[in-house]
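**Q** One file is attached below, upload.cif, containing mmCIF, C-alpha atoms.
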data_data
#
loop_
_atom_site.label_atom_id
_atom_site.label_comp_id
_atom_site.auth_asym_id
_atom_site.auth_seq_id
_atom_site.Cartn_x
_atom_site.Cartn_y
_atom_site.Cartn_z
CA MET A 314 -69.49 -32.37 33.45
CA LEU A 315 -67.65 -35.05 31.52
CA ASP A 316 -68.47 -38.63 32.48
CA GLU A 317 -65.75 -41.23 32.97
CA ALA A 318 -65.81 -42.26 29.32
CA GLY A 319 -65.54 -38.63 28.25
CA VAL A 320 -62.57 -38.04 30.57
CA ALA A 321 -60.80 -41.12 29.19
CA GLU A 322 -61.47 -39.97 25.62
CA TYR A 323 -60.11 -36.48 26.34
CA LEU A 324 -56.98 -37.84 28.04
CA ASP A 325 -56.37 -40.13 25.08
CA ARG A 326 -56.73 -37.17 22.70
CA ILE A 327 -53.91 -35.28 24.42
CA GLY A 328 -51.79 -38.32 25.27
CA ALA A 329 -52.08 -37.72 29.01
CA THR A 330 -52.13 -40.02 32.01
CA ARG A 331 -54.94 -39.49 34.50
CA PRO A 332 -53.55 -37.84 37.66
CA GLU A 333 -53.94 -39.83 40.86
CA LYS A 334 -55.25 -36.66 42.51
CA ALA A 335 -55.97 -33.04 41.61
CA ASP A 336 -52.55 -31.62 42.49
CA LEU A 337 -49.91 -29.40 40.88
CA GLU A 338 -47.93 -32.31 39.43
CA GLY A 339 -51.02 -33.54 37.62
CA LEU A 340 -51.91 -30.03 36.46
CA ARG A 341 -48.43 -29.50 34.99
CA HIS A 342 -48.66 -32.80 33.13
CA LEU A 343 -52.13 -32.05 31.77
CA GLN A 344 -51.27 -28.55 30.56
CA GLU A 345 -48.05 -29.72 28.91
CA ARG A 346 -49.83 -32.50 27.07
CA HIS A 347 -52.65 -30.16 26.04
CA VAL A 348 -50.25 -27.52 24.72
CA LEU A 349 -48.23 -30.08 22.74
CA SER A 350 -51.30 -31.82 21.28
CA VAL A 351 -54.00 -29.22 20.53
CA PRO A 352 -53.16 -26.63 17.84
CA PHE A 353 -53.85 -22.93 18.13
CA GLU A 354 -55.85 -22.40 14.91
CA ASN A 355 -58.62 -20.34 13.33
CA ILE A 356 -59.71 -22.49 10.38
CA ASP A 357 -63.41 -22.45 11.23
CA TYR A 358 -63.43 -18.65 11.35
CA HIS A 359 -62.49 -18.65 7.67
CA LEU A 360 -65.02 -21.35 6.82
CA ASP A 361 -67.77 -19.26 8.49
CA ARG A 362 -68.59 -22.06 10.92
CA GLU A 363 -70.03 -21.64 14.40
CA ILE A 364 -67.56 -21.32 17.28
CA HIS A 365 -68.56 -22.98 20.55
CA LEU A 366 -67.29 -22.85 24.11
CA GLY A 367 -67.20 -25.30 26.99
CA GLU A 368 -68.70 -28.75 26.52
CA GLN A 369 -69.50 -28.07 22.84
CA ALA A 370 -65.83 -27.16 22.27
CA VAL A 371 -64.84 -30.50 23.80
CA ASP A 372 -66.54 -32.27 20.91
CA LYS A 373 -64.51 -30.32 18.37
CA ILE A 374 -61.18 -30.75 20.12
CA VAL A 375 -61.58 -34.36 21.25
CA ARG A 376 -63.80 -36.08 18.70
CA GLN A 377 -62.98 -33.99 15.64
CA ARG A 378 -59.31 -33.81 16.72
CA ARG A 379 -59.12 -30.09 16.05
CA GLY A 380 -57.76 -27.06 17.86
CA GLY A 381 -59.05 -23.52 18.14
CA GLY A 382 -58.55 -20.14 19.76
CA CYS A 383 -58.48 -19.38 23.47
CA TYR A 384 -62.28 -19.36 23.80
CA GLU A 385 -62.49 -22.94 22.55
CA VAL A 386 -59.27 -24.48 23.82
CA ASN A 387 -59.24 -23.08 27.35
CA SER A 388 -62.96 -23.48 27.97
CA ALA A 389 -62.77 -27.12 26.86
CA PHE A 390 -59.70 -27.65 29.05
CA ALA A 391 -61.69 -26.25 31.98
CA VAL A 392 -64.32 -28.94 31.46
CA LEU A 393 -61.65 -31.65 31.69
CA LEU A 394 -59.99 -30.13 34.75
CA GLU A 395 -63.28 -29.80 36.62
CA ALA A 396 -64.14 -33.43 35.83
CA LEU A 397 -60.78 -34.42 37.36
CA GLY A 398 -61.55 -32.56 40.58
CA TYR A 399 -59.73 -29.25 40.05
CA ARG A 400 -61.24 -25.97 41.23
CA VAL A 401 -61.34 -23.87 38.05
CA GLU A 402 -62.44 -20.30 37.33
CA VAL A 403 -62.69 -18.55 33.97
CA LEU A 404 -60.82 -15.25 33.75
CA PRO A 405 -61.15 -12.61 31.00
CA GLY A 406 -58.17 -10.79 29.56
CA ARG A 407 -56.99 -7.99 27.25
CA VAL A 408 -54.25 -8.69 24.73
CA TYR A 409 -51.37 -6.26 24.28
CA ARG A 410 -51.22 -4.84 20.74
CA PRO A 411 -48.50 -2.64 19.19
CA ASP A 412 -50.57 0.43 20.21
CA GLY A 413 -51.40 -0.81 23.72
CA LEU A 414 -54.02 -2.95 25.37
CA GLY A 415 -56.82 -4.28 23.19
CA PRO A 416 -60.52 -4.52 24.13
CA ALA A 417 -61.80 -6.24 27.23
CA MET A 418 -62.92 -9.90 27.13
CA CYS A 419 -60.74 -10.68 24.11
CA HIS A 420 -58.81 -13.42 25.88
CA LEU A 421 -60.03 -16.32 28.02
CA ALA A 422 -57.72 -18.01 30.51
CA LEU A 423 -58.18 -20.13 33.63
CA ARG A 424 -57.34 -19.87 37.31
CA VAL A 425 -56.84 -23.11 39.20
CA THR A 426 -56.72 -22.93 42.99
CA LEU A 427 -54.55 -25.44 44.87
CA ASP A 428 -52.36 -24.46 47.82
CA GLU A 429 -51.44 -21.53 45.57
CA THR A 430 -53.30 -20.04 42.63
CA TRP A 431 -52.19 -20.88 39.08
CA LEU A 432 -52.70 -19.33 35.68
CA VAL A 433 -53.57 -22.06 33.18
CA ASP A 434 -53.49 -21.05 29.53
CA ALA A 435 -53.27 -23.57 26.69
CA GLY A 436 -54.79 -21.38 23.98
CA PHE A 437 -52.85 -18.18 23.36
CA GLY A 438 -50.19 -19.16 20.86
CA ARG A 439 -47.32 -17.86 23.00
CA ASN A 440 -48.57 -19.32 26.26
CA SER A 441 -46.36 -21.23 28.68
CA ARG A 442 -46.14 -25.00 28.56
CA HIS A 443 -46.68 -25.24 32.33
CA PRO A 444 -49.01 -23.37 34.73
CA LEU A 445 -47.77 -20.01 36.03
CA CYS A 446 -48.07 -19.04 39.69
CA PHE A 447 -50.15 -15.95 40.46
CA ASP A 448 -48.56 -15.64 43.90
CA THR A 449 -45.13 -14.43 42.81
CA SER A 450 -43.87 -11.62 40.58
CA ASP A 451 -40.53 -13.37 40.05
CA VAL A 452 -39.50 -14.70 36.64
CA GLN A 453 -40.88 -18.21 36.09
CA GLN A 454 -38.79 -20.47 33.88
CA ASP A 455 -40.67 -22.50 31.28
CA PRO A 456 -39.63 -24.53 28.22
CA HIS A 457 -41.15 -21.71 26.11
CA GLY A 458 -39.20 -18.91 27.80
CA GLU A 459 -39.11 -16.68 30.87
CA TYR A 460 -42.57 -15.65 32.04
CA ARG A 461 -43.61 -13.14 34.65
CA VAL A 462 -47.04 -12.60 36.22
CA GLY A 463 -47.08 -9.21 37.93
CA ALA A 464 -49.85 -7.15 39.51
CA ALA A 465 -50.96 -4.31 37.22
CA ASP A 466 -51.47 -0.80 38.66
CA ALA A 467 -54.97 -0.66 37.18
CA GLY A 468 -55.91 -4.06 38.62
CA GLY A 469 -55.43 -7.62 37.44
CA PHE A 470 -52.13 -9.13 36.33
CA ASP A 471 -49.83 -8.49 33.40
CA VAL A 472 -48.35 -11.60 31.82
CA SER A 473 -45.06 -11.20 29.95
CA LEU A 474 -42.71 -13.46 28.01
CA ASP A 475 -38.98 -12.69 27.87
CA GLY A 476 -39.75 -9.13 28.97
CA ALA A 477 -42.47 -8.45 26.38
CA ALA A 478 -46.06 -7.94 27.60
CA LEU A 479 -48.52 -10.54 26.28
CA TYR A 480 -51.83 -9.81 27.97
CA ARG A 481 -53.48 -8.47 31.10
CA ILE A 482 -55.66 -10.92 32.95
CA ASP A 483 -58.55 -9.79 35.16
CA ASP A 484 -58.62 -11.45 38.56
CA ARG A 485 -62.44 -11.34 38.69
CA PRO A 486 -63.93 -14.58 37.32
CA CYS A 487 -66.74 -14.52 34.78
CA ARG A 488 -69.10 -16.90 32.95
CA LEU A 489 -68.61 -18.35 29.50
CA ASP A 490 -71.79 -16.59 28.37
CA ASP A 491 -70.08 -13.25 29.07
CA PHE A 492 -67.85 -13.83 26.04
CA GLY A 493 -70.81 -13.87 23.62
CA PRO A 494 -70.43 -10.25 22.37
CA THR A 495 -66.69 -10.50 21.81
CA LEU A 496 -67.03 -13.90 20.16
CA TRP A 497 -69.43 -12.28 17.71
CA TRP A 498 -66.83 -9.52 17.09
CA TRP A 499 -64.01 -12.03 16.52
CA ARG A 500 -66.14 -13.92 13.97
CA SER A 501 -67.81 -10.96 12.23
CA CYS A 502 -65.76 -7.76 12.31
CA PRO A 503 -63.40 -7.12 9.37
CA ASP A 504 -60.88 -5.77 11.91
CA SER A 505 -60.81 -9.05 13.81
CA PRO A 506 -57.24 -10.43 13.87
CA PHE A 507 -58.69 -13.93 13.43
CA LEU A 508 -60.12 -12.89 10.06
CA GLN A 509 -56.94 -11.25 8.78
CA GLU A 510 -54.89 -14.40 8.29
CA LEU A 511 -55.45 -18.15 8.32
CA PHE A 512 -53.13 -19.91 10.75
CA CYS A 513 -52.49 -23.16 12.58
CA SER A 514 -49.62 -23.53 15.04
CA LEU A 515 -48.39 -26.22 17.40
CA PRO A 516 -45.39 -26.27 19.74
CA LEU A 517 -42.93 -29.15 19.42
CA GLU A 518 -40.69 -30.58 22.11
CA GLY A 519 -37.84 -28.52 20.68
CA GLY A 520 -39.54 -25.90 18.52
CA ARG A 521 -42.78 -25.14 16.69
CA VAL A 522 -44.57 -25.81 13.41
CA THR A 523 -46.85 -23.15 11.90
CA LEU A 524 -48.94 -23.09 8.74
CA LYS A 525 -50.13 -19.64 7.62
CA GLY A 526 -52.13 -19.92 4.44
CA LYS A 527 -49.76 -21.92 2.23
CA ARG A 528 -46.57 -20.98 4.10
CA LEU A 529 -45.22 -23.75 6.32
CA VAL A 530 -42.62 -22.77 8.93
CA ARG A 531 -40.79 -25.30 11.12
CA ILE A 532 -38.44 -24.40 13.96
CA GLU A 533 -36.56 -27.33 15.45
CA ASP A 534 -33.54 -27.13 17.74
CA GLY A 535 -32.90 -23.57 16.61
CA ALA A 536 -33.05 -24.32 12.87
CA ARG A 537 -35.81 -22.60 10.87
CA THR A 538 -37.16 -23.86 7.54
CA ILE A 539 -39.82 -22.20 5.37
CA GLU A 540 -41.72 -23.96 2.61
CA LYS A 541 -44.24 -22.45 0.18
CA LEU A 542 -46.85 -25.13 -0.52
CA GLU A 543 -48.21 -25.45 -4.03
CA GLY A 544 -51.87 -26.35 -4.47
CA ASP A 545 -54.73 -27.21 -2.11
CA GLU A 546 -53.78 -30.89 -1.87
CA ALA A 547 -50.35 -29.98 -0.49
CA VAL A 548 -51.97 -27.74 2.11
CA LEU A 549 -54.48 -30.41 3.14
CA ALA A 550 -51.63 -32.92 3.42
CA ALA A 551 -49.67 -30.50 5.62
CA TYR A 552 -52.63 -30.21 8.01
CA ARG A 553 -52.77 -34.00 8.24
CA THR A 554 -49.03 -34.53 8.60
CA HIS A 555 -48.12 -31.79 11.05
CA PHE A 556 -51.33 -31.22 13.03
CA ASP A 557 -53.31 -34.45 12.61
CA ILE A 558 -56.16 -32.34 11.21
CA VAL A 559 -58.24 -33.86 8.43
CA LEU A 560 -60.20 -31.27 6.41
CA ASP A 561 -62.61 -31.82 3.56
CA GLU A 562 -62.26 -28.25 2.32
CA LEU A 563 -60.04 -25.19 2.58
CA PRO A 564 -61.18 -21.61 3.04
CA HIS A 565 -61.32 -19.59 -0.17
CA SER A 566 -59.02 -17.07 1.52
CA VAL A 567 -56.08 -19.48 1.69
CA ALA A 568 -53.04 -17.97 -0.01
#
Give the structure from the file, written as structure tokens.

**A**
Amino acid sequence: MLDEAGVAEYLDRIGATRPEKADLEGLRHLQERHVLSVPFENIDYHLDREIHLGEQAVDKIVRQRRGGGCYEVNSAFAVLLEALGYRVEVLPGRVYRPDGLGPAMCHLALRVTLDETWLVDAGFGRNSRHPLCFDTSDVQQDPHGEYRVGAADAGGFDVSLDGAALYRIDDRPCRLDDFGPTLWWWRSCPDSPFLQELFCSLPLEGGRVTLKGKRLVRIEDGARTIEKLEGDEAVLAAYRTHFDIVLDELPHSVA
């Protein structure tokens, strides 16, 4: 559990105001600030560094001012939410691939129970900016698009964006330790999507900025610009400028 100083430090990291109570208004504010402040990135996977969950991920995100994948970002967010009095459960998921659903336990999201139950996901890359309600199958409008959370025939819930399936979330909570085998696969298997391409992406108020290798893409107010960066110093500068990430080295795989 985060102490008061840790909570204040985390809130400062994401530019959030502490909610007066653990309610939906506060949850919406916290998720929005988290999504707009913490990049979805896989840099450490390409530097062959350890990936941590929960309280250890808090150190990376808050004190090192980094981002991460769903295992890191959402598990760290859970630590903050619990410290603020929210009832939080960790849910495993399966990501939709072009050939169908991927393996079990390959996504980590959160369920927060208030008067209704809410899907909280700040670490998918195409996740909503605000929590999504589990208790309706209607379209839910979000700044990032039209989302739907519908019961799947085989159990759990399918989450879609603008009609395209994103992932299936299991409604049975699990422990962070249960993700150990799949974390090893993400970090070690040549087929791991996180080892195929180096990326860092962050939503903007009116778009998104993404750095893949040395290719910088900005989308703002519908306009898209693409820039090919020349040299490691330009790439390091882009991480600092667009993501507030200060690195002392780049992966050898950057291209």

**Q** If you apply the PyMOL selection byres ((chain A and resi 518-524) around 9) to this file, what residues do you get, as a PyMOL selection string?

**A** chain A and resi 349+456-457+511-517+525-536+548+551-552+555-556

**Q** In Å, with one decimal, what is the gap from CA of Pro444 in chain A to CA of Asp325 in chain A?

**A**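 Interatomic distance, CA of Pro444 in chain A to CA of Asp325 in chain A: 20.7 Å.
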
**Q** Looking at A:Asp491, A:Glu546, A:Tyr358, A:Val371, which one is nearest to Leu560 in chain A, with distances taken over all atoms listed in the file?

**A** A:Glu546

**Q** Work out how far apart CA of Arg461 in chain A and CA of Ala477 in chain A are and give it in Å to one decimal.

**A**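 The value is 9.6 Å.
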
**Q** Let me make sure I understand: among A:Phe492, A:Tyr409, A:Glu510, A:Gln377, which one has the smallest atom-to-atom distance to Pro564 in chain A if we use only C-alpha atoms?

**A**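 The answer is A:Glu510, which sits nearest to Pro564 in chain A.
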
**Q** For Leu394 in chain A, which residue among A:Gly493, A:Pro506, A:Gly339, A:Gly458 is the nearest when counting all atoms listed in the file?

**A**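 The closest residue to Leu394 in chain A is A:Gly339.
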
**Q** Which residues would end up in the selection if the PyMOL selection byres ((chain A and resi 406) around 9) were applied here, given that I need the answer as a PyMOL selection string?

**A** chain A and resi 404-405+407-408+416-422+469+480-483

**Q** Which distance in Å separates CA of Leu427 in chain A and CA of Phe390 in chain A, to one decimal?

**A**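 Result for CA of Leu427 in chain A versus CA of Phe390 in chain A: 16.8 Å, one decimal.
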
**Q** So what does the PyMOL selection byres ((chain A and resi 363) around 12) actually pick up in this one, as a list in words?

**A**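 On this input, the PyMOL selection byres ((chain A and resi 363) around 12) captures Asn355, Ile356, Asp357, Tyr358, His359, Leu360, Asp361, Arg362, Ile364, His365, Leu366, Gln369, Ala370, Lys373, Gly381, Glu385, Leu496, Trp497, Trp499, Arg500 and Ser501 of chain A.
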
**Q** Output the selection as a compact mmCIF listing (two decimals), in the coordinates of the input - C-alpha atoms for each residue.

**A**
# COMPACT_ATOMS: atom_id res chain seq x y z
CA ASN A 355 -58.62 -20.34 13.33
CA ILE A 356 -59.71 -22.49 10.38
CA ASP A 357 -63.41 -22.45 11.23
CA TYR A 358 -63.43 -18.65 11.35
CA HIS A 359 -62.49 -18.65 7.67
CA LEU A 360 -65.02 -21.35 6.82
CA ASP A 361 -67.77 -19.26 8.49
CA ARG A 362 -68.59 -22.06 10.92
CA ILE A 364 -67.56 -21.32 17.28
CA HIS A 365 -68.56 -22.98 20.55
CA LEU A 366 -67.29 -22.85 24.11
CA GLN A 369 -69.50 -28.07 22.84
CA ALA A 370 -65.83 -27.16 22.27
CA LYS A 373 -64.51 -30.32 18.37
CA GLY A 381 -59.05 -23.52 18.14
CA GLU A 385 -62.49 -22.94 22.55
CA LEU A 496 -67.03 -13.90 20.16
CA TRP A 497 -69.43 -12.28 17.71
CA TRP A 499 -64.01 -12.03 16.52
CA ARG A 500 -66.14 -13.92 13.97
CA SER A 501 -67.81 -10.96 12.23

**Q** So that I can see what lies close to Val351 in chain A, please list as a PyMOL selection string the residues with an atom at most 10 Å from it, counting only C-alpha atoms and leaving out residues fewer than 5 positions away in the same chain.

**A** chain A and resi 326-327+346+374-375+378-381+386+435-436+514-516+556-557

**Q** Counting only C-alpha atoms, which residues come within 10 Å of (-49.9, -24.9, 35.1), with the point read in the file's coordinates, and could you list them as a list in words?

**A** Leu337, Glu338, Gly339, Leu340, Arg341, His342, Leu343, Gln344, Glu345, Leu423, Arg424, Val425, Thr430, Trp431, Leu432, Val433, Asp434, Ala435, Ser441, Arg442, His443, Pro444, Leu445 and Cys446 of chain A

**Q** Leaving out Ala391 in chain A and any residue of its chain fewer than 3 positions from it, which residues lie within 9 Å of it when counting all atoms listed in the file, given as a PyMOL selection string?

**A** chain A and resi 367+386-388+394-396+399+401-403+423

**Q** Check the smallest atom-to-atom distance from each of A:Gln454, A:Asp372, A:Ala389, A:Ser505 to Leu489 in chain A using all atoms listed in the file, then report the winner.

**A**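 Closest candidate: A:Ala389.
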
**Q** Compile the contact shell of Ala464 in chain A as a ChimeraX atom specification: residues with an atom at most 10 Å away, counting all atoms listed in the file, same-chain residues fewer than 2 positions apart removed.

**A** /A:447-450,461-462,466-472,481-482,484

**Q** My list of candidates is A:Arg553, A:His347, A:His565, A:Lys541. Which is closest to Asn440 in chain A when distances are computed with all atoms listed in the file?

**A**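 Nearest candidate to Asn440 in chain A out of A:Arg553, A:His347, A:His565, A:Lys541: A:His347.
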